[in-house]
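Report on the following structure.
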Amino acid sequence: MTEPNFMEIALAEAEAAGKRGEVPVGCAIARDGAVLARAGNRTLADRDPTAHAELLAIRAAAAALGSERLTDCDLYVTLEPCSMCAAAISFARIRRLYYGAADPKGGAVESGVRFFAQPTCHHRPEIYSGIGEARASAILKEFFAARR
């Protein structure tokens with residue numbers, strides 16, 4: 001049996017979020033070769049500015065494991081995490097972060113505040129950027145082009 005492509009799962013979540021009218025960002029959290037949690041943005045549906053895909057997936061994974069620490073988990077997200085999501089990734093002790101498209105305006109990993117590079121950051125995951133970048137960028141561009 002082959003391991004699932006976790007970024008493909010995150011991209012599917014992003015597409016589903018876009019169809020619901022949400023900014024199309026998707027996330028999947030994997031552990032031991034299996035999906036532990038998956039989510040797409042739900043800020044509009046939940047009327048919650050913190051309902052980013054990463055936070056929703058982290059909450060679901062923590063509930064599934066019965067622990068606030070996700071030390072042996074990897075997070076896949078279609079867009080570079082913002083400061084809020086980067087902090088949650090750090091607090092959850094995510095092992096590895098894989099993200100698709102860079103976010104020069106709102107990203108906080110390799111753009112903006114570079115959260116994980118700050119001396120006050122207690123945990124820094126391994127970071128892999130550009131995973132599924134072309135498709136992640138296309139999903140976002142199509143979503144925003146349709147609204148202009």
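Note on naming: chains are A, B, ... as they come in the structure tokens, residues start from 1 per chain, ligands start from 1 in the order shown.
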
DSSP strand (DSSP E) selection over chain A, as an MDAnalysis selection string: chainID A and resid 26:31 34:40 74:79 96:101 126:129

Find the residues around segment 48-52 of chain A up to 10 Å (only C-alpha atoms counted), leave out those fewer than 4 positions away in its own chain, and share them as an mmCIF file with C-alpha atoms, in the first residue's frame.
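The result, written out as part24.cif:
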```cif
data_model
loop_
_atom_site.group_PDB
_atom_site.id
_atom_site.type_symbol
_atom_site.label_atom_id
_atom_site.label_comp_id
_atom_site.auth_asym_id
_atom_site.auth_seq_id
_atom_site.Cartn_x
_atom_site.Cartn_y
_atom_site.Cartn_z
ATOM 1 C CA GLU A 22 -14.113 30.708 1.683
ATOM 2 C CA VAL A 23 -10.568 31.756 0.829
ATOM 3 C CA VAL A 25 -6.731 27.248 1.875
ATOM 4 C CA GLY A 26 -6.589 23.599 2.881
ATOM 5 C CA CYS A 27 -4.648 21.620 5.435
ATOM 6 C CA ALA A 39 -9.727 20.991 7.075
ATOM 7 C CA GLY A 40 -10.358 23.935 4.819
ATOM 8 C CA ASN A 41 -10.879 27.548 5.842
ATOM 9 C CA ARG A 42 -14.217 28.171 7.595
ATOM 10 C CA THR A 43 -13.947 31.780 8.750
ATOM 11 C CA LEU A 44 -17.161 32.817 7.007
ATOM 12 C CA LEU A 56 -9.096 23.672 12.552
ATOM 13 C CA ALA A 57 -6.870 20.745 11.622
ATOM 14 C CA PRO A 81 0.888 30.143 7.362
ATOM 15 C CA CYS A 82 0.113 33.526 8.909
ATOM 16 C CA MET A 84 -1.497 33.109 14.175
ATOM 17 C CA CYS A 85 -1.147 29.738 12.468
#
```

Contacts of Val113 of chain A at 12 Å (only C-alpha atoms; same-chain gap of 3+ positions) as a VMD selection string: chain A and resid 81 to 84 86 to 87 103 to 110 116 to 119 121

For the residues in that selection, give me all heavy atoms as a compact mmCIF listing (two decimals), in the first residue's frame.
```txt
# COMPACT_ATOMS: atom_id res chain seq x y z
N PRO A 81 1.66 29.75 6.18
CA PRO A 81 0.89 30.14 7.36
C PRO A 81 1.12 31.59 7.79
O PRO A 81 2.22 32.13 7.67
CB PRO A 81 1.38 29.18 8.44
CG PRO A 81 1.84 27.98 7.68
CD PRO A 81 2.46 28.55 6.43
N CYS A 82 0.05 32.18 8.34
CA CYS A 82 0.11 33.53 8.91
C CYS A 82 0.73 33.44 10.31
O CYS A 82 1.03 32.35 10.81
CB CYS A 82 -1.29 34.12 8.98
SG CYS A 82 -2.37 33.32 10.20
N SER A 83 0.89 34.57 10.97
CA SER A 83 1.48 34.59 12.31
C SER A 83 0.68 33.75 13.30
O SER A 83 1.25 33.02 14.11
CB SER A 83 1.56 36.03 12.84
OG SER A 83 2.45 36.78 12.05
N MET A 84 -0.64 33.86 13.26
CA MET A 84 -1.50 33.11 14.17
C MET A 84 -1.31 31.60 13.99
O MET A 84 -1.14 30.86 14.96
CB MET A 84 -2.97 33.49 13.94
CG MET A 84 -3.96 32.69 14.73
SD MET A 84 -5.67 33.20 14.43
CE MET A 84 -5.90 32.72 12.71
N ALA A 86 1.27 30.09 12.47
CA ALA A 86 2.65 29.72 12.79
C ALA A 86 2.81 29.52 14.29
O ALA A 86 3.45 28.57 14.74
CB ALA A 86 3.63 30.77 12.28
N ALA A 87 2.20 30.39 15.07
CA ALA A 87 2.26 30.25 16.53
C ALA A 87 1.60 28.95 16.97
O ALA A 87 2.15 28.21 17.80
CB ALA A 87 1.60 31.45 17.21
N ASP A 103 3.19 33.45 0.73
CA ASP A 103 2.23 34.54 0.94
C ASP A 103 3.01 35.78 1.37
O ASP A 103 3.17 36.03 2.57
CB ASP A 103 1.20 34.14 2.00
CG ASP A 103 0.11 35.19 2.17
OD1 ASP A 103 0.15 36.24 1.50
OD2 ASP A 103 -0.79 34.93 2.99
N PRO A 104 3.51 36.55 0.39
CA PRO A 104 4.33 37.72 0.72
C PRO A 104 3.61 38.76 1.58
O PRO A 104 4.24 39.47 2.35
CB PRO A 104 4.68 38.33 -0.64
CG PRO A 104 4.45 37.23 -1.63
CD PRO A 104 3.39 36.35 -1.06
N LYS A 105 2.28 38.84 1.48
CA LYS A 105 1.52 39.84 2.25
C LYS A 105 1.17 39.36 3.65
O LYS A 105 1.21 40.13 4.59
CB LYS A 105 0.23 40.21 1.52
CG LYS A 105 0.46 40.99 0.24
CD LYS A 105 -0.86 41.38 -0.39
CE LYS A 105 -0.63 42.11 -1.69
NZ LYS A 105 -1.90 42.44 -2.34
N GLY A 106 0.78 38.12 3.80
CA GLY A 106 0.30 37.65 5.10
C GLY A 106 1.06 36.50 5.70
O GLY A 106 0.77 36.08 6.82
N GLY A 107 2.01 35.95 4.97
CA GLY A 107 2.76 34.81 5.47
C GLY A 107 3.71 35.21 6.59
O GLY A 107 4.14 36.36 6.68
N ALA A 108 4.03 34.23 7.43
CA ALA A 108 4.89 34.52 8.58
C ALA A 108 5.98 33.47 8.78
O ALA A 108 6.58 33.38 9.84
CB ALA A 108 4.05 34.63 9.84
N VAL A 109 6.22 32.65 7.75
CA VAL A 109 7.23 31.60 7.87
C VAL A 109 8.51 32.06 7.18
O VAL A 109 9.54 32.23 7.83
CB VAL A 109 6.72 30.27 7.28
CG1 VAL A 109 7.81 29.20 7.31
CG2 VAL A 109 5.49 29.80 8.04
N GLU A 110 8.45 32.28 5.89
CA GLU A 110 9.61 32.78 5.15
C GLU A 110 9.36 34.19 4.63
O GLU A 110 10.24 34.79 4.04
CB GLU A 110 9.97 31.81 4.02
CG GLU A 110 10.46 30.48 4.60
CD GLU A 110 10.74 29.40 3.57
OE1 GLU A 110 10.11 29.43 2.49
OE2 GLU A 110 11.58 28.54 3.84
N PHE A 116 9.25 31.55 13.03
CA PHE A 116 10.10 30.49 13.56
C PHE A 116 11.55 30.91 13.75
O PHE A 116 12.31 30.24 14.44
CB PHE A 116 10.01 29.23 12.68
CG PHE A 116 8.62 28.69 12.58
CD1 PHE A 116 7.96 28.62 11.36
CD2 PHE A 116 7.94 28.24 13.71
CE1 PHE A 116 6.68 28.12 11.26
CE2 PHE A 116 6.65 27.74 13.62
CZ PHE A 116 6.02 27.68 12.40
N ALA A 117 11.95 32.02 13.14
CA ALA A 117 13.32 32.52 13.27
C ALA A 117 13.49 33.44 14.47
O ALA A 117 14.61 33.83 14.79
CB ALA A 117 13.73 33.25 11.99
N GLN A 118 12.39 33.77 15.14
CA GLN A 118 12.46 34.69 16.27
C GLN A 118 13.05 34.00 17.50
O GLN A 118 12.75 32.83 17.76
CB GLN A 118 11.07 35.24 16.60
CG GLN A 118 10.43 36.02 15.46
CD GLN A 118 11.32 37.12 14.95
OE1 GLN A 118 11.86 37.91 15.72
NE2 GLN A 118 11.49 37.18 13.63
N PRO A 119 13.84 34.72 18.28
CA PRO A 119 14.44 34.11 19.48
C PRO A 119 13.40 33.70 20.52
O PRO A 119 13.68 32.85 21.37
CB PRO A 119 15.38 35.19 20.02
CG PRO A 119 14.98 36.45 19.35
CD PRO A 119 14.30 36.08 18.07
N CYS A 121 10.65 32.14 19.84
CA CYS A 121 9.95 30.94 19.35
C CYS A 121 10.56 29.72 20.05
O CYS A 121 11.75 29.47 19.92
CB CYS A 121 10.08 30.83 17.84
SG CYS A 121 9.25 29.40 17.16
```

Can you write out as a Markdown table which residues of segment 7-99 of chain A fall within 12 Å of segment 132-142 of chain A, alongside each residue's closest atom pair and its distance in Å to one decimal, counting only C-alpha atoms and ordering rows by chain and ascending residue number?
```
| residue | atom | partner | partner_atom | distance |
| --- | --- | --- | --- | --- |
| A:Met7 | CA | A:Gly132 | CA | 6.7 |
| A:Glu8 | CA | A:Gly132 | CA | 7.9 |
| A:Ile9 | CA | A:Gly132 | CA | 10.9 |
| A:Ala10 | CA | A:Ala136 | CA | 9.3 |
| A:Leu11 | CA | A:Ala136 | CA | 6.7 |
| A:Ala12 | CA | A:Ala136 | CA | 9.9 |
| A:Glu13 | CA | A:Ala136 | CA | 10.9 |
| A:Ala14 | CA | A:Ile139 | CA | 7.7 |
| A:Glu15 | CA | A:Ile139 | CA | 6.9 |
| A:Ala16 | CA | A:Ile139 | CA | 10.5 |
| A:Ala17 | CA | A:Ile139 | CA | 10.5 |
| A:Gly18 | CA | A:Ile139 | CA | 8.1 |
| A:Lys19 | CA | A:Ile139 | CA | 10.7 |
| A:Gly21 | CA | A:Leu140 | CA | 11.7 |
| A:Glu22 | CA | A:Leu140 | CA | 10.6 |
| A:Val23 | CA | A:Leu140 | CA | 7.5 |
| A:Pro24 | CA | A:Leu140 | CA | 6.1 |
| A:Val25 | CA | A:Leu140 | CA | 8.0 |
| A:Gly26 | CA | A:Ala136 | CA | 9.2 |
| A:Cys27 | CA | A:Ala136 | CA | 11.4 |
| A:Tyr76 | CA | A:Gly132 | CA | 10.0 |
| A:Val77 | CA | A:Ala136 | CA | 9.2 |
| A:Thr78 | CA | A:Ala136 | CA | 5.5 |
| A:Leu79 | CA | A:Ala136 | CA | 7.1 |
| A:Glu80 | CA | A:Glu133 | CA | 10.1 |
| A:Tyr98 | CA | A:Gly132 | CA | 9.4 |
| A:Tyr99 | CA | A:Gly132 | CA | 7.8 |
```

Distance of atom CA of Ala53 of chain A from atom CA of Ala30 of chain A, expressed in Å to one decimal place: 14.2 Å

Residue contacts of His123 of chain A (9 Å, only C-alpha atoms) excluding same-chain residues fewer than 6 positions away, as a PyMOL selection string: chain A and resi 89-94+116

Expected answer as a ChimeraX atom specification: helix (DSSP H, G or I) residues in segment 29-137 of chain A: /A:43-46,53-65,83-91,115-117,133-137

Separation of atom CA of Phe144 of chain A from atom CA of Arg38 of chain A in Å: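 Here the two named atoms are 23.1 Å from each other.
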
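With only C-alpha atoms as the atoms that count, the residue of A:Tyr128, A:Phe115, A:Phe143, A:Phe6 with the shortest distance to Ala102 of chain A is A:Tyr128.
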
Nearest to Ile131 of chain A by atom-to-atom distance, counting only C-alpha atoms, from A:Arg95, A:Leu75, A:Arg114, A:Ala45: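 Of A:Arg95, A:Leu75, A:Arg114, A:Ala45, the one nearest Ile131 of chain A, counting only C-alpha atoms, is A:Leu75.
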
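Rounded to one decimal, atom CA of Ile58 of chain A and atom CA of Ala37 of chain A lie 7.5 Å from each other.
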